[in-house]
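**Student:** Input structure: input.csv, which contains CSV, C-alpha atoms.
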chain,number,residue,atom,x,y,z
Z,236,MET,CA,-18.3,16.0,-15.1
Z,237,ASN,CA,-16.6,18.7,-13.0
Z,238,LYS,CA,-18.4,21.7,-11.7
Z,239,ILE,CA,-16.0,24.7,-11.5
Z,240,HIS,CA,-17.4,28.1,-10.5
Z,241,GLU,CA,-16.7,31.0,-12.8
Z,242,THR,CA,-14.8,32.9,-10.1
Z,243,ALA,CA,-12.4,30.0,-9.3
Z,244,VAL,CA,-8.8,30.2,-10.5
Z,245,ILE,CA,-7.3,27.0,-11.8
Z,246,LYS,CA,-3.7,27.5,-12.9
Z,247,ASP,CA,-2.2,25.7,-15.9
Z,248,GLY,CA,-0.8,22.3,-15.0
Z,249,ALA,CA,-3.3,21.5,-12.2
Z,250,ILE,CA,-4.9,18.1,-12.5
Z,251,ILE,CA,-8.6,17.9,-11.5
Z,252,GLY,CA,-10.2,14.4,-11.3
Z,253,GLN,CA,-13.7,13.6,-12.5
Z,254,ASP,CA,-16.8,14.7,-10.7
Z,255,SER,CA,-15.0,17.3,-8.7
Z,256,ILE,CA,-16.6,20.5,-7.5
Z,257,ILE,CA,-14.5,23.8,-7.2
Z,258,GLY,CA,-16.6,26.5,-5.5
Z,259,PRO,CA,-16.5,30.2,-5.7
Z,260,TYR,CA,-13.2,32.1,-5.3
Z,261,CYS,CA,-11.1,28.9,-4.9
Z,262,CYS,CA,-7.5,29.0,-6.1
Z,263,VAL,CA,-5.7,25.8,-7.3
Z,264,GLY,CA,-2.0,25.9,-8.0
Z,265,GLY,CA,-0.3,24.5,-11.1
Z,266,ASN,CA,1.3,21.6,-9.3
Z,267,ALA,CA,-1.8,20.4,-7.5
Z,268,VAL,CA,-3.5,17.1,-8.2
Z,269,LEU,CA,-7.1,16.6,-7.1
Z,270,GLY,CA,-8.6,13.1,-7.2
Z,271,ASP,CA,-12.1,12.2,-8.3
Z,272,GLY,CA,-14.9,13.7,-6.4
Z,273,VAL,CA,-12.9,16.3,-4.5
Z,274,VAL,CA,-15.0,19.2,-3.2
Z,275,LEU,CA,-13.6,22.6,-2.5
Z,276,LYS,CA,-16.5,24.5,-1.0
Z,277,SER,CA,-15.4,28.1,-1.5
Z,278,HIS,CA,-12.4,30.4,-0.9
Z,279,VAL,CA,-10.1,27.4,-0.6
Z,280,VAL,CA,-6.4,27.8,-1.6
Z,281,VAL,CA,-4.5,24.7,-2.7
Z,282,GLU,CA,-0.8,25.4,-3.5
Z,283,GLY,CA,2.5,23.6,-4.0
Z,284,TYR,CA,3.1,20.0,-4.9
Z,285,THR,CA,-0.1,18.8,-3.2
Z,286,LEU,CA,-2.0,15.6,-3.8
Z,287,ILE,CA,-5.6,15.4,-2.5
Z,288,GLY,CA,-7.2,12.0,-2.6
Z,289,ALA,CA,-10.6,11.1,-4.0
Z,290,GLY,CA,-13.7,12.2,-2.1
Z,291,THR,CA,-12.0,14.7,0.2
Z,292,LYS,CA,-14.1,17.7,1.1
Z,293,ILE,CA,-12.4,21.1,2.0
Z,294,PHE,CA,-14.4,23.9,3.5
Z,295,PRO,CA,-14.1,27.7,3.2
Z,296,PHE,CA,-10.8,29.5,3.9
Z,297,ALA,CA,-8.7,26.5,4.4
Z,298,SER,CA,-5.1,26.9,3.2
Z,299,VAL,CA,-3.6,23.7,1.9
Z,300,GLY,CA,0.0,23.3,0.6
Z,301,HIS,CA,1.5,26.7,1.2
Z,302,GLN,CA,5.2,26.8,2.2
Z,303,PRO,CA,6.0,25.6,5.7
Z,304,GLN,CA,6.5,27.9,8.7
Z,305,ASP,CA,10.1,26.8,9.1
Z,306,LEU,CA,13.0,29.3,8.9
Z,307,LYS,CA,15.2,26.5,7.6
Z,308,TYR,CA,13.0,26.1,4.5
Z,309,HIS,CA,14.6,27.7,1.5
Z,310,GLY,CA,12.2,26.9,-1.3
Z,311,GLU,CA,13.2,23.3,-1.9
Z,312,VAL,CA,10.5,21.2,-3.7
Z,313,SER,CA,8.5,19.3,-1.1
Z,314,ARG,CA,5.1,17.6,-1.0
Z,315,LEU,CA,1.8,17.4,0.9
Z,316,GLU,CA,-0.1,14.1,0.3
Z,317,ILE,CA,-3.7,13.9,1.6
Z,318,GLY,CA,-5.5,10.6,1.4
Z,319,CYS,CA,-9.1,9.9,0.4
Z,320,ASN,CA,-12.4,10.8,2.0
Z,321,ASN,CA,-11.0,13.4,4.5
Z,322,VAL,CA,-13.0,16.3,5.8
Z,323,ILE,CA,-11.0,19.5,6.2
Z,324,ARG,CA,-13.1,22.2,7.8
Z,325,GLU,CA,-12.9,26.0,7.8
Z,326,HIS,CA,-9.5,27.8,8.4
Z,327,VAL,CA,-7.5,24.6,8.6
Z,328,THR,CA,-3.9,24.9,7.5
Z,329,LEU,CA,-1.7,22.0,6.2
Z,330,ASN,CA,1.9,22.6,5.2
Z,331,PRO,CA,4.2,20.5,3.0
Z,332,GLY,CA,7.4,18.9,4.2
Z,333,THR,CA,11.0,20.2,4.5
Z,334,GLU,CA,14.5,18.9,3.8
Z,335,GLY,CA,14.9,18.0,7.5
Z,336,GLY,CA,11.9,15.6,7.4
Z,337,GLY,CA,12.0,13.8,4.1
Z,338,LEU,CA,10.3,16.6,2.2
Z,339,LEU,CA,6.8,15.1,2.9
Z,340,THR,CA,3.8,15.8,5.0
Z,341,LYS,CA,1.3,12.9,4.7
Z,342,VAL,CA,-2.3,12.5,5.8
Z,343,GLY,CA,-4.1,9.1,5.6
Z,344,ASP,CA,-7.7,8.4,4.7
Z,345,ALA,CA,-11.0,9.3,6.4
Z,346,CYS,CA,-9.5,11.9,8.8
Z,347,LEU,CA,-11.4,14.9,10.3
Z,348,PHE,CA,-9.7,18.2,10.7
Z,349,MET,CA,-12.1,20.5,12.6
Z,350,VAL,CA,-12.1,24.4,12.4
Z,351,GLY,CA,-8.7,26.1,12.7
Z,352,ALA,CA,-6.5,22.9,13.1
Z,353,HIS,CA,-2.9,23.3,12.0
Z,354,VAL,CA,-0.7,20.5,10.6
Z,355,ALA,CA,2.9,21.6,10.4
Z,356,HIS,CA,5.7,20.4,8.1
Z,357,ASP,CA,6.7,16.8,8.0
Z,358,CYS,CA,3.8,15.5,10.1
Z,359,ILE,CA,2.6,12.0,9.4
Z,360,ILE,CA,-1.1,11.3,10.3
Z,361,GLY,CA,-2.7,7.9,10.1
Z,362,ASP,CA,-6.2,6.9,8.9
Z,363,ASN,CA,-9.3,7.9,10.8
Z,364,ALA,CA,-7.5,10.4,13.0
Z,365,ILE,CA,-9.4,13.4,14.4
Z,366,LEU,CA,-8.0,16.9,15.2
Z,367,VAL,CA,-10.6,18.9,17.0
Z,368,ASN,CA,-11.0,22.7,16.8
Z,369,ASN,CA,-7.8,24.7,17.0
Z,370,VAL,CA,-5.4,21.8,17.5
Z,371,THR,CA,-1.8,22.7,16.7
Z,372,LEU,CA,0.7,20.2,15.6
Z,373,GLY,CA,4.4,21.1,15.6
Z,374,GLY,CA,6.7,19.9,12.9
Z,375,HIS,CA,7.6,16.2,12.5
Z,376,VAL,CA,4.6,15.0,14.7
Z,377,GLU,CA,3.4,11.4,14.1
Z,378,ILE,CA,-0.2,10.5,14.9
Z,379,GLY,CA,-1.5,6.9,14.6
Z,380,GLU,CA,-4.7,5.6,13.3
Z,381,TRP,CA,-7.9,6.4,15.2
Z,382,ALA,CA,-6.2,8.8,17.5
Z,383,ILE,CA,-8.1,11.9,18.7
Z,384,VAL,CA,-6.5,15.2,19.7
Z,385,GLY,CA,-8.9,17.3,21.8
Z,386,GLY,CA,-9.8,20.9,21.1
Z,387,MET,CA,-7.2,23.7,21.6
Z,388,SER,CA,-4.4,21.2,22.3
Z,389,ALA,CA,-0.8,21.8,21.2
Z,390,VAL,CA,1.6,19.0,20.3
Z,391,HIS,CA,5.4,19.6,20.5
Z,392,GLN,CA,7.7,18.9,17.5
Z,393,PHE,CA,8.8,15.3,17.0
Z,394,VAL,CA,6.1,13.9,19.4
Z,395,ARG,CA,4.6,10.5,18.5
Z,396,ILE,CA,1.0,9.8,19.4
Z,397,GLY,CA,0.1,6.1,19.1
Z,398,ARG,CA,-2.9,4.4,17.6
Z,399,HIS,CA,-6.2,4.8,19.4
Z,400,ALA,CA,-4.8,7.4,21.8
Z,401,MET,CA,-6.9,10.1,23.2
Z,402,ILE,CA,-5.6,13.6,24.0
Z,403,GLY,CA,-7.8,15.6,26.3
Z,404,GLY,CA,-8.8,19.1,25.3
Z,405,MET,CA,-6.5,22.1,26.0
Z,406,SER,CA,-3.5,19.7,26.7
Z,407,GLY,CA,0.1,20.6,26.0
Z,408,VAL,CA,1.7,17.4,24.7
Z,409,GLU,CA,5.5,17.4,25.1
Z,410,ASN,CA,6.2,13.7,25.2
Z,411,ASP,CA,5.3,10.6,23.2
Z,412,VAL,CA,1.9,9.1,24.0
Z,413,ILE,CA,1.6,5.3,24.0
Z,414,PRO,CA,-0.9,3.5,21.8
Z,415,TYR,CA,-4.3,3.2,23.5
Z,416,GLY,CA,-3.3,5.8,26.1
Z,417,SER,CA,-5.2,8.8,27.3
Z,418,VAL,CA,-3.4,12.0,28.4
Z,419,VAL,CA,-4.6,15.3,29.8
Z,420,GLY,CA,-3.2,18.5,31.3
Z,421,ASN,CA,-1.4,21.8,30.6
Z,422,ARG,CA,1.8,19.7,30.6
Z,423,ALA,CA,0.1,16.5,29.7
Z,424,HIS,CA,0.4,13.4,31.8
Z,425,LEU,CA,-0.8,9.9,31.1
Z,426,SER,CA,-4.2,9.4,32.8
Z,427,GLY,CA,-4.7,5.8,31.9
Z,428,LEU,CA,-6.0,3.9,28.9
Z,429,ASN,CA,-8.5,5.2,26.3
Z,430,LEU,CA,-11.1,2.7,27.5
Z,431,ILE,CA,-14.1,4.5,25.9
Z,432,GLY,CA,-12.3,4.5,22.6
Z,433,LEU,CA,-11.4,0.9,22.9
Z,434,LYS,CA,-15.1,-0.1,23.5
Z,435,ARG,CA,-16.2,2.1,20.6
Z,436,ARG,CA,-13.7,0.3,18.4
Z,437,SER,CA,-15.2,-3.1,19.6
Z,438,PHE,CA,-12.1,-4.4,21.3
Z,439,SER,CA,-13.0,-7.5,23.3
Z,440,ARG,CA,-13.3,-7.5,27.1
Z,441,ASP,CA,-10.4,-10.0,27.3
Z,442,THR,CA,-8.1,-7.7,25.2
Z,443,ILE,CA,-9.0,-4.6,27.4
Z,444,HIS,CA,-8.4,-6.7,30.5
Z,445,ASP,CA,-4.9,-7.7,29.2
Z,446,LEU,CA,-4.2,-4.1,28.3
Z,447,ARG,CA,-5.1,-2.9,31.8
Z,448,ARG,CA,-2.9,-5.5,33.4
Z,449,ALA,CA,0.0,-4.7,31.1
Z,450,TYR,CA,-0.4,-0.9,31.7
Z,451,ARG,CA,-0.1,-1.4,35.5
Z,452,LEU,CA,3.0,-3.5,35.1
Z,453,ILE,CA,4.7,-1.1,32.6
Z,454,PHE,CA,4.2,1.9,34.8
Z,455,ALA,CA,4.8,0.3,38.2
Z,456,GLN,CA,7.6,1.7,40.4
Z,457,GLU,CA,9.8,-1.4,40.6
Z,458,GLY,CA,12.7,-1.9,38.3
Z,459,THR,CA,13.7,0.1,35.2
Z,460,GLN,CA,11.4,0.8,32.3
Z,461,ALA,CA,13.4,-1.6,30.1
Z,462,GLU,CA,13.1,-4.4,32.7
Z,463,ARG,CA,9.3,-3.8,33.0
Z,464,LEU,CA,8.9,-3.9,29.2
Z,465,ASP,CA,10.8,-7.2,29.1
Z,466,ASP,CA,8.5,-8.6,31.8
Z,467,VAL,CA,5.4,-7.6,29.9
Z,468,ALA,CA,6.7,-8.9,26.6
Z,469,GLU,CA,7.2,-12.3,28.3
Z,470,LEU,CA,3.8,-12.3,29.9
Z,471,PHE,CA,1.8,-11.1,26.8
Z,472,PRO,CA,3.8,-12.2,23.8
Z,473,ASN,CA,0.7,-13.0,21.7
Z,474,ILE,CA,-1.5,-10.1,22.7
Z,475,GLU,CA,-1.0,-7.7,19.8
Z,476,PRO,CA,-2.2,-4.5,21.4
Z,477,VAL,CA,0.1,-5.0,24.4
Z,478,MET,CA,3.1,-5.8,22.2
Z,479,GLU,CA,2.3,-2.7,20.1
Z,480,ILE,CA,2.7,-0.6,23.3
Z,481,VAL,CA,6.0,-2.4,24.2
Z,482,ASN,CA,7.4,-1.9,20.7
Z,483,PHE,CA,6.3,1.7,20.6
Z,484,MET,CA,8.2,2.4,23.9
Z,485,ARG,CA,11.3,0.5,22.8
Z,486,ILE,CA,11.8,2.7,19.7
Z,487,ASP,CA,14.4,5.4,20.0
Z,488,SER,CA,12.7,8.8,19.9
Z,489,ASN,CA,13.4,12.5,20.2
Z,490,ARG,CA,10.9,12.7,23.0
Z,491,ALA,CA,10.5,10.9,26.3
Z,492,ILE,CA,7.4,8.7,27.0
Z,493,CYS,CA,4.5,10.5,28.6
Z,494,GLN,CA,4.2,9.2,32.2
Z,495,PRO,CA,1.3,8.9,34.6
Z,496,LEU,CA,1.2,10.7,37.9
Z,497,LEU,CA,2.2,8.4,40.7
Z,498,GLU,CA,-1.4,7.9,41.9
Z,499,ASP,CA,-2.5,7.1,38.4
Z,500,ALA,CA,0.1,4.4,38.0
Z,501,ALA,CA,-0.8,2.6,41.2
Show me this structure written as structure tokens.

**Tutor:**
Amino acid sequence: MNKIHETAVIKDGAIIGQDSIIGPYCCVGGNAVLGDGVVLKSHVVVEGYTLIGAGTKIFPFASVGHQPQDLKYHGEVSRLEIGCNNVIREHVTLNPGTEGGGLLTKVGDACLFMVGAHVAHDCIIGDNAILVNNVTLGGHVEIGEWAIVGGMSAVHQFVRIGRHAMIGGMSGVENDVIPYGSVVGNRAHLSGLNLIGLKRRSFSRDTIHDLRRAYRLIFAQEGTQAERLDDVAELFPNIEPVMEIVNFMRIDSNRAICQPLLEDAA
């Protein structure tokens, strides 16, 4: 049975799943779909063609699904899809896609968006990702599973952040971040592997050892990047996390790969 506060505004056409809670002064647009057990605490606005998965909780003054902040957007129908069991805290903003990015912004399951985080148009965010307070994602950003973006960081348009990566607080991320990498800085540089995150995710000591060896080879000074990637692929063909980094770096991208400082790569 749903609990909808008398001050909430639910427009005709909206679909509300079972056992959902719509708190005081929330507004739900006519094209929105809320799964079972969704909770809108209070003063939440859900607009546009927005799908919110079961069990997701949205806190006061979040704005979900309003039109993107893109001057090239001219009212075309686009979507925002949010998976299950996410937590979206106060003042978070999530925008739908645009024609230039497939008309879709997509969020996986079990993510945490802390106070004031912004997800721009056409972003793709994997499961279990965390955006800490006041993180800003430009358009077309991709964030892999289990990645963490530290507080007050800004991510440039079209940047890819690999799985299990860690972005230090107050970083400006202009380039792609390899899976399992850790970056930090005003113009962020690669500071090594996210070893703490790997241990928390129960990666074995052997896998972490292989990742460290591969990291040193990939970012050595000898040869070209393509040559070093080929060498690492030959040495670690059956180590899945290593090959994930290799394949990530081989993909054509709008952005360069975030590099370590010379002393960090040694």

**Student:** Report as a tab-separated table: every residue of range 286-383 of chain Z with an atom at most 12 Å from range 431-443 of chain Z, its closest pair of atoms, and their distance in Å to one decimal, counting only C-alpha atoms, with rows sorted by chain and ascending residue number.

**Tutor:**
residue	atom	partner	partner_atom	distance
Z:Asn363	CA	Z:Arg436	CA	11.6
Z:Glu380	CA	Z:Arg436	CA	11.6
Z:Trp381	CA	Z:Gly432	CA	8.8
Z:Ala382	CA	Z:Gly432	CA	9.0
Z:Ile383	CA	Z:Gly432	CA	9.4

**Student:** Suppose we keep C-alpha atoms; can you now write the selection as a PDB file, in the frame of the given file?

**Tutor:**
ATOM      1  CA  ASN Z 363      -9.300   7.900  10.800  1.00  0.00           C
ATOM      2  CA  GLU Z 380      -4.700   5.600  13.300  1.00  0.00           C
ATOM      3  CA  TRP Z 381      -7.900   6.400  15.200  1.00  0.00           C
ATOM      4  CA  ALA Z 382      -6.200   8.800  17.500  1.00  0.00           C
ATOM      5  CA  ILE Z 383      -8.100  11.900  18.700  1.00  0.00           C
TER       6      ILE Z 383
END

**Student:** Counting all atoms listed in the file, which residue out of Z:Ser388, Z:Phe393, Z:Val350, Z:Lys307 sits closest to Asn489 in chain Z?

**Tutor:** Z:Phe393

**Student:** For CA of Ala249 in chain Z and CA of His356 in chain Z, quote the distance in Å rounded to one decimal.

**Tutor:**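 Computed distance, CA of Ala249 in chain Z to CA of His356 in chain Z, equals 22.2 Å.
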
**Student:** So which one's closest to Leu372 in chain Z, Z:Leu329, Z:Ile474, Z:Cys346, Z:Ala297? Using all atoms listed in the file, please.

**Tutor:**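 Under the stated criterion, the closest residue is Z:Leu329.
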
**Student:** When you look at Asn482 in chain Z with a cut-off of 12 Å (counting all atoms listed in the file), what residues show up, excluding the ones that are within fewer than 6 positions of it in the same chain? I need them as a PyMOL selection string.

**Tutor:** chain Z and resi 397+413-414+461+464-465+467-468+472+475-476+488

**Student:** Skip range 332-337 of chain Z itself and residues of its chain fewer than 6 positions away, then list as a ChimeraX atom specification all residues within 10 Å of it, counting all atoms listed in the file.

**Tutor:** /Z:300,302-305,307-316,355-359,374-375

**Student:** Please indicate the distance in Å from CA of Pro259 in chain Z to CA of His326 in chain Z, rounded to one decimal place.

**Tutor:** 15.9 Å

**Student:** Distance CA of Met405 in chain Z-CA of Lys276 in chain Z, one decimal place?

**Tutor:**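 Those two atoms sit 28.9 Å apart.
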